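These notes concern the structure reproduced below.
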Amino acid sequence: MIKEVCVENFTNVPEYIAKGADRIELCDNLAVGGTTVSHGVAVETIHYCQGKNIKVMSMVRPRGGNFIYSKEELEIMKQDLVHLKELGTDGVVLGCLNDSGWIDEEAMTTLLKLAKGLEVTFHMAFDHISPGNQLKAIDWLVEQGVNRILTHGGLLDTNIEDNLVRLKEYIDYADGRIIILPGGGITNKNLHLIASALNIREAHGTKIGD
């Protein structure tokens with residue numbers, strides 16, 4: 001089981017790795033769901049994790065709120081992605097939507113070209129895609145070579161235990177073509193239950209390493 005711990009800044013990274021975190025998702029501003037960290041935080045975290053042979057997935061998100069980005073915000077994301085790649089991040093975590101409940105294909109295609117050579121996780125923007133489009137979105141992300149989809153199986157104000165049927169639907173539909181990474185409300189207390197119910201090999205959370 002790969003435990004990906006979502007961390008805010010560098011502060012708790014050494015502690016989480018010591019407790020058995022297998023991968024770090026690095027972001028800032030967890031109160032708004034995570035945004036891109038500063039240069040200094042990225043440098044220190046990537047350097048520290050490389051020394052421990054732990055992969056770092058860096059959030060590329062210019063602000064909280066929705067996942068519909070302006071031309072200027074997309075430009076910020078492009079520059080941040082290139083910067084994080086140069087610093088040696090193992091992967092990036094991102095997601096862009098349009099105002100009709102679908103993936104912003106143009107923005108994503110642009111970012112994915114820049115992310116070539118990195119692992120890519122499409123983050124919980126996935127949960128804001130129209131439910132009727134979500135299985136089709138899995139197909140689109142598979143076609144683009146995205147590695148995994150981070151999803152709560154529903155909006156974040158729901159309990160992840162109540163979303164297991166929907167998560168299983170995603171996993172069955174993905175059929176090994178892309179990793180479905182459950183997250184949001186997974187702790188070391190409910191991890192075993194969720195992992196058994198979904199037969200997953202990776203899980204994500206802020207409290208998964210406590």
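Chain labels A, B, ... are given in the sequence in which chains occur in the structure tokens; within each chain residues are numbered consecutively from 1, and ligands are likewise numbered from 1 in the order shown.
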
Would you please give, as a compact mmCIF listing (two decimals) with N, CA, C and O atoms, in the first residue's frame, all residues of chain A that DSSP assigns to helix (DSSP H, G or I) based on the backbone?
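Generated output (part-v6.txt):
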# COMPACT_ATOMS: atom_id res chain seq x y z
N VAL A 13 7.09 17.31 7.02
CA VAL A 13 7.56 16.29 6.07
C VAL A 13 8.47 15.25 6.75
O VAL A 13 8.24 14.04 6.62
N PRO A 14 9.50 15.67 7.51
CA PRO A 14 10.37 14.66 8.13
C PRO A 14 9.61 13.70 9.04
O PRO A 14 9.84 12.49 9.04
N GLU A 15 8.65 14.26 9.80
CA GLU A 15 7.87 13.43 10.73
C GLU A 15 7.03 12.40 9.97
O GLU A 15 6.98 11.23 10.33
N TYR A 16 6.37 12.84 8.90
CA TYR A 16 5.51 11.92 8.13
C TYR A 16 6.33 10.82 7.46
O TYR A 16 5.90 9.66 7.42
N ILE A 17 7.49 11.18 6.95
CA ILE A 17 8.35 10.16 6.33
C ILE A 17 8.81 9.16 7.39
O ILE A 17 8.81 7.95 7.17
N ALA A 18 9.16 9.68 8.55
CA ALA A 18 9.59 8.80 9.65
C ALA A 18 8.47 7.84 10.05
O ALA A 18 8.72 6.71 10.47
N LEU A 30 -3.91 24.44 2.60
CA LEU A 30 -4.83 23.30 2.60
C LEU A 30 -6.26 23.70 2.91
O LEU A 30 -7.20 23.02 2.51
N ALA A 31 -6.43 24.83 3.59
CA ALA A 31 -7.79 25.29 3.92
C ALA A 31 -8.63 25.54 2.67
O ALA A 31 -9.85 25.46 2.71
N VAL A 32 -7.95 25.81 1.54
CA VAL A 32 -8.70 26.02 0.29
C VAL A 32 -8.47 24.86 -0.68
O VAL A 32 -8.76 24.95 -1.87
N HIS A 39 8.98 28.92 -3.80
CA HIS A 39 10.24 28.38 -4.30
C HIS A 39 11.03 27.71 -3.17
O HIS A 39 11.51 26.58 -3.31
N GLY A 40 11.16 28.40 -2.04
CA GLY A 40 11.96 27.88 -0.93
C GLY A 40 11.43 26.58 -0.39
O GLY A 40 12.18 25.64 -0.12
N VAL A 41 10.12 26.51 -0.22
CA VAL A 41 9.49 25.27 0.30
C VAL A 41 9.74 24.12 -0.68
O VAL A 41 10.07 23.01 -0.28
N ALA A 42 9.56 24.41 -1.96
CA ALA A 42 9.76 23.36 -2.98
C ALA A 42 11.20 22.86 -2.96
O ALA A 42 11.44 21.64 -2.96
N VAL A 43 12.16 23.76 -2.93
CA VAL A 43 13.58 23.38 -2.95
C VAL A 43 13.90 22.48 -1.76
O VAL A 43 14.49 21.39 -1.92
N GLU A 44 13.53 22.92 -0.56
CA GLU A 44 13.87 22.17 0.66
C GLU A 44 13.18 20.81 0.69
O GLU A 44 13.79 19.80 1.06
N THR A 45 11.91 20.78 0.32
CA THR A 45 11.15 19.52 0.40
C THR A 45 11.67 18.52 -0.62
O THR A 45 11.89 17.34 -0.30
N ILE A 46 11.87 18.96 -1.84
CA ILE A 46 12.35 18.05 -2.89
C ILE A 46 13.74 17.51 -2.52
O ILE A 46 13.99 16.31 -2.63
N HIS A 47 14.60 18.40 -2.04
CA HIS A 47 15.96 17.99 -1.66
C HIS A 47 15.90 16.96 -0.52
O HIS A 47 16.57 15.92 -0.56
N TYR A 48 15.10 17.25 0.50
CA TYR A 48 15.00 16.35 1.65
C TYR A 48 14.45 14.99 1.23
O TYR A 48 14.99 13.94 1.60
N CYS A 49 13.37 15.02 0.45
CA CYS A 49 12.73 13.76 0.04
C CYS A 49 13.62 12.93 -0.87
O CYS A 49 13.64 11.70 -0.78
N GLN A 50 14.36 13.60 -1.75
CA GLN A 50 15.29 12.85 -2.62
C GLN A 50 16.31 12.10 -1.78
O GLN A 50 16.67 10.96 -2.09
N GLY A 51 16.74 12.73 -0.69
CA GLY A 51 17.72 12.09 0.20
C GLY A 51 17.15 10.87 0.91
O GLY A 51 17.88 10.00 1.37
N LYS A 71 -6.70 33.15 -18.70
CA LYS A 71 -5.48 33.05 -19.50
C LYS A 71 -4.26 33.38 -18.65
O LYS A 71 -3.22 32.73 -18.74
N GLU A 72 -4.39 34.40 -17.80
CA GLU A 72 -3.26 34.81 -16.94
C GLU A 72 -2.95 33.74 -15.90
O GLU A 72 -1.78 33.45 -15.63
N GLU A 73 -4.00 33.15 -15.33
CA GLU A 73 -3.78 32.09 -14.33
C GLU A 73 -3.13 30.87 -14.97
O GLU A 73 -2.27 30.23 -14.36
N LEU A 74 -3.53 30.55 -16.18
CA LEU A 74 -2.91 29.43 -16.88
C LEU A 74 -1.43 29.72 -17.13
O LEU A 74 -0.58 28.83 -17.00
N GLU A 75 -1.12 30.96 -17.44
CA GLU A 75 0.29 31.35 -17.65
C GLU A 75 1.08 31.14 -16.37
O GLU A 75 2.21 30.63 -16.39
N ILE A 76 0.49 31.49 -15.22
CA ILE A 76 1.13 31.27 -13.91
C ILE A 76 1.39 29.77 -13.70
O ILE A 76 2.48 29.36 -13.29
N MET A 77 0.38 28.97 -14.02
CA MET A 77 0.51 27.51 -13.84
C MET A 77 1.62 26.95 -14.73
O MET A 77 2.39 26.08 -14.29
N LYS A 78 1.69 27.43 -15.95
CA LYS A 78 2.74 26.96 -16.86
C LYS A 78 4.12 27.26 -16.29
O LYS A 78 5.01 26.41 -16.27
N GLN A 79 4.29 28.50 -15.81
CA GLN A 79 5.60 28.89 -15.27
C GLN A 79 5.93 28.11 -14.00
O GLN A 79 7.07 27.68 -13.80
N ASP A 80 4.93 27.92 -13.14
CA ASP A 80 5.16 27.16 -11.91
C ASP A 80 5.52 25.71 -12.22
O ASP A 80 6.39 25.11 -11.58
N LEU A 81 4.84 25.12 -13.19
CA LEU A 81 5.10 23.72 -13.55
C LEU A 81 6.54 23.56 -14.06
O LEU A 81 7.27 22.68 -13.62
N VAL A 82 6.94 24.44 -14.96
CA VAL A 82 8.31 24.38 -15.50
C VAL A 82 9.33 24.55 -14.37
O VAL A 82 10.33 23.83 -14.30
N HIS A 83 9.04 25.48 -13.48
CA HIS A 83 9.93 25.77 -12.35
C HIS A 83 10.08 24.53 -11.45
O HIS A 83 11.19 24.12 -11.09
N LEU A 84 8.95 23.91 -11.11
CA LEU A 84 8.97 22.72 -10.24
C LEU A 84 9.70 21.56 -10.92
O LEU A 84 10.41 20.80 -10.27
N LYS A 85 9.51 21.45 -12.21
CA LYS A 85 10.20 20.40 -12.98
C LYS A 85 11.71 20.62 -12.92
O LYS A 85 12.48 19.67 -12.69
N GLU A 86 12.13 21.86 -13.07
CA GLU A 86 13.56 22.18 -13.01
C GLU A 86 14.14 21.88 -11.61
O GLU A 86 15.31 21.52 -11.47
N LEU A 87 13.30 22.04 -10.58
CA LEU A 87 13.76 21.79 -9.20
C LEU A 87 13.86 20.30 -8.89
O LEU A 87 14.40 19.91 -7.86
N GLU A 105 -9.88 21.08 -22.04
CA GLU A 105 -8.95 20.24 -22.81
C GLU A 105 -7.75 21.03 -23.31
O GLU A 105 -6.62 20.54 -23.29
N GLU A 106 -7.99 22.26 -23.76
CA GLU A 106 -6.89 23.07 -24.29
C GLU A 106 -5.86 23.38 -23.21
O GLU A 106 -4.65 23.20 -23.40
N ALA A 107 -6.35 23.82 -22.04
CA ALA A 107 -5.44 24.14 -20.92
C ALA A 107 -4.69 22.89 -20.47
O ALA A 107 -3.47 22.92 -20.26
N MET A 108 -5.40 21.78 -20.34
CA MET A 108 -4.76 20.54 -19.88
C MET A 108 -3.72 20.05 -20.89
O MET A 108 -2.63 19.61 -20.50
N THR A 109 -4.04 20.12 -22.16
CA THR A 109 -3.09 19.66 -23.19
C THR A 109 -1.80 20.48 -23.11
O THR A 109 -0.69 19.93 -23.19
N THR A 110 -1.95 21.78 -22.92
CA THR A 110 -0.78 22.67 -22.80
C THR A 110 0.07 22.29 -21.60
O THR A 110 1.30 22.15 -21.69
N LEU A 111 -0.58 22.09 -20.45
CA LEU A 111 0.16 21.76 -19.22
C LEU A 111 0.80 20.38 -19.31
O LEU A 111 1.93 20.17 -18.85
N LEU A 112 0.10 19.44 -19.91
CA LEU A 112 0.63 18.08 -20.01
C LEU A 112 1.86 18.01 -20.91
O LEU A 112 2.78 17.22 -20.66
N LYS A 113 1.90 18.84 -21.93
CA LYS A 113 3.11 18.90 -22.78
C LYS A 113 4.30 19.35 -21.95
O LYS A 113 5.40 18.80 -22.06
N LEU A 114 4.07 20.36 -21.10
CA LEU A 114 5.16 20.88 -20.25
C LEU A 114 5.56 19.87 -19.18
O LEU A 114 6.69 19.86 -18.71
N MET A 124 -8.65 16.77 -7.38
CA MET A 124 -10.08 16.67 -7.06
C MET A 124 -10.96 17.61 -7.87
O MET A 124 -12.18 17.65 -7.63
N ALA A 125 -10.38 18.34 -8.81
CA ALA A 125 -11.22 19.01 -9.81
C ALA A 125 -12.12 17.96 -10.46
O ALA A 125 -13.23 18.25 -10.91
N PHE A 126 -11.65 16.71 -10.48
CA PHE A 126 -12.41 15.61 -11.07
C PHE A 126 -13.80 15.50 -10.46
O PHE A 126 -14.78 15.20 -11.16
N ASP A 127 -13.89 15.77 -9.15
CA ASP A 127 -15.17 15.64 -8.46
C ASP A 127 -16.15 16.76 -8.81
O ASP A 127 -17.32 16.72 -8.42
N HIS A 128 -15.66 17.78 -9.53
CA HIS A 128 -16.51 18.89 -9.97
C HIS A 128 -16.90 18.76 -11.44
O HIS A 128 -17.60 19.63 -11.98
N PRO A 131 -21.37 14.63 -13.08
CA PRO A 131 -21.35 13.19 -12.84
C PRO A 131 -21.55 12.35 -14.11
O PRO A 131 -20.90 11.31 -14.27
N GLY A 132 -22.37 12.83 -15.01
CA GLY A 132 -22.60 12.09 -16.26
C GLY A 132 -21.40 12.07 -17.18
O GLY A 132 -21.34 11.26 -18.12
N ASN A 133 -20.44 12.96 -16.93
CA ASN A 133 -19.23 13.04 -17.77
C ASN A 133 -18.01 12.38 -17.14
O ASN A 133 -16.95 12.32 -17.77
N GLN A 134 -18.14 11.90 -15.90
CA GLN A 134 -16.93 11.48 -15.18
C GLN A 134 -16.27 10.23 -15.78
O GLN A 134 -15.05 10.15 -15.85
N LEU A 135 -17.07 9.28 -16.23
CA LEU A 135 -16.46 8.09 -16.82
C LEU A 135 -15.79 8.43 -18.14
O LEU A 135 -14.69 7.96 -18.44
N LYS A 136 -16.43 9.32 -18.90
CA LYS A 136 -15.83 9.80 -20.15
C LYS A 136 -14.53 10.56 -19.86
O LYS A 136 -13.55 10.48 -20.62
N ALA A 137 -14.51 11.28 -18.72
CA ALA A 137 -13.30 12.02 -18.32
C ALA A 137 -12.16 11.06 -18.01
O ALA A 137 -10.99 11.34 -18.32
N ILE A 138 -12.48 9.91 -17.42
CA ILE A 138 -11.44 8.90 -17.17
C ILE A 138 -10.82 8.50 -18.51
O ILE A 138 -9.59 8.43 -18.63
N ASP A 139 -11.65 8.24 -19.52
CA ASP A 139 -11.14 7.87 -20.85
C ASP A 139 -10.21 8.96 -21.40
O ASP A 139 -9.13 8.66 -21.93
N TRP A 140 -10.65 10.21 -21.29
CA TRP A 140 -9.86 11.32 -21.84
C TRP A 140 -8.49 11.41 -21.15
O TRP A 140 -7.46 11.56 -21.80
N LEU A 141 -8.50 11.29 -19.83
CA LEU A 141 -7.24 11.38 -19.07
C LEU A 141 -6.32 10.20 -19.37
O LEU A 141 -5.10 10.36 -19.44
N VAL A 142 -6.90 9.03 -19.58
CA VAL A 142 -6.10 7.86 -19.99
C VAL A 142 -5.43 8.15 -21.33
O VAL A 142 -4.23 7.90 -21.51
N GLU A 143 -6.20 8.67 -22.27
CA GLU A 143 -5.67 8.96 -23.62
C GLU A 143 -4.52 9.96 -23.57
O GLU A 143 -3.60 9.92 -24.39
N ILE A 160 -16.17 9.97 2.95
CA ILE A 160 -15.63 9.09 1.92
C ILE A 160 -16.22 7.67 2.05
O ILE A 160 -16.43 6.99 1.05
N GLU A 161 -16.55 7.27 3.28
CA GLU A 161 -17.15 5.94 3.47
C GLU A 161 -18.49 5.82 2.73
O GLU A 161 -18.90 4.73 2.34
N ASP A 162 -19.17 6.97 2.56
CA ASP A 162 -20.47 6.96 1.85
C ASP A 162 -20.29 6.97 0.33
O ASP A 162 -21.28 6.87 -0.40
N ASN A 163 -19.06 7.12 -0.13
CA ASN A 163 -18.80 7.23 -1.58
C ASN A 163 -18.13 5.98 -2.15
O ASN A 163 -17.67 6.00 -3.30
N LEU A 164 -18.07 4.92 -1.37
CA LEU A 164 -17.32 3.74 -1.81
C LEU A 164 -17.92 3.11 -3.07
O LEU A 164 -17.18 2.62 -3.93
N VAL A 165 -19.24 3.14 -3.21
CA VAL A 165 -19.87 2.55 -4.39
C VAL A 165 -19.43 3.31 -5.65
O VAL A 165 -19.07 2.71 -6.66
N ARG A 166 -19.44 4.65 -5.56
CA ARG A 166 -19.03 5.47 -6.71
C ARG A 166 -17.53 5.28 -7.00
O ARG A 166 -17.13 5.16 -8.16
N LEU A 167 -16.72 5.25 -5.97
CA LEU A 167 -15.28 5.04 -6.17
C LEU A 167 -15.01 3.69 -6.83
O LEU A 167 -14.16 3.58 -7.71
N LYS A 168 -15.75 2.68 -6.40
CA LYS A 168 -15.59 1.34 -7.00
C LYS A 168 -15.97 1.37 -8.48
O LYS A 168 -15.33 0.71 -9.31
N GLU A 169 -16.98 2.17 -8.80
CA GLU A 169 -17.39 2.34 -10.20
C GLU A 169 -16.24 2.90 -11.03
O GLU A 169 -15.94 2.42 -12.13
N TYR A 170 -15.58 3.94 -10.50
CA TYR A 170 -14.44 4.54 -11.20
C TYR A 170 -13.33 3.50 -11.40
O TYR A 170 -12.74 3.39 -12.47
N ILE A 171 -13.03 2.77 -10.32
CA ILE A 171 -11.93 1.80 -10.36
C ILE A 171 -12.23 0.70 -11.37
O ILE A 171 -11.37 0.32 -12.17
N ASP A 172 -13.46 0.20 -11.34
CA ASP A 172 -13.84 -0.87 -12.28
C ASP A 172 -13.79 -0.36 -13.72
O ASP A 172 -13.32 -1.06 -14.62
N TYR A 173 -14.27 0.88 -13.92
CA TYR A 173 -14.28 1.44 -15.27
C TYR A 173 -12.85 1.69 -15.76
O TYR A 173 -12.52 1.43 -16.92
N ALA A 174 -12.00 2.20 -14.87
CA ALA A 174 -10.60 2.47 -15.25
C ALA A 174 -9.88 1.18 -15.62
O ALA A 174 -9.01 1.18 -16.50
N LEU A 191 -8.29 3.58 6.90
CA LEU A 191 -7.56 3.18 5.70
C LEU A 191 -7.77 1.70 5.36
O LEU A 191 -8.03 1.36 4.21
N HIS A 192 -7.68 0.84 6.37
CA HIS A 192 -7.79 -0.60 6.10
C HIS A 192 -9.17 -0.94 5.53
O HIS A 192 -9.28 -1.69 4.55
N LEU A 193 -10.20 -0.37 6.13
CA LEU A 193 -11.58 -0.59 5.66
C LEU A 193 -11.74 -0.17 4.20
O LEU A 193 -12.27 -0.91 3.37
N ILE A 194 -11.25 1.04 3.89
CA ILE A 194 -11.40 1.59 2.53
C ILE A 194 -10.56 0.79 1.54
O ILE A 194 -11.02 0.44 0.44
N ALA A 195 -9.34 0.47 1.93
CA ALA A 195 -8.45 -0.30 1.05
C ALA A 195 -9.04 -1.67 0.74
O ALA A 195 -8.98 -2.14 -0.40
N SER A 196 -9.63 -2.31 1.75
CA SER A 196 -10.23 -3.64 1.55
C SER A 196 -11.46 -3.55 0.65
O SER A 196 -11.64 -4.37 -0.25
N ALA A 197 -12.30 -2.53 0.90
CA ALA A 197 -13.54 -2.39 0.13
C ALA A 197 -13.25 -2.11 -1.35
O ALA A 197 -13.97 -2.58 -2.23
N LEU A 198 -12.19 -1.36 -1.61
CA LEU A 198 -11.90 -0.92 -2.98
C LEU A 198 -10.77 -1.72 -3.64
O LEU A 198 -10.53 -1.56 -4.84

Residue among A:Asn147, A:Thr158, A:Ser130, A:Asn66 lying closest to Gly91 (chain A), counting only C-alpha atoms: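 Using only C-alpha atoms, Gly91 (chain A) sits closest to A:Asn147.
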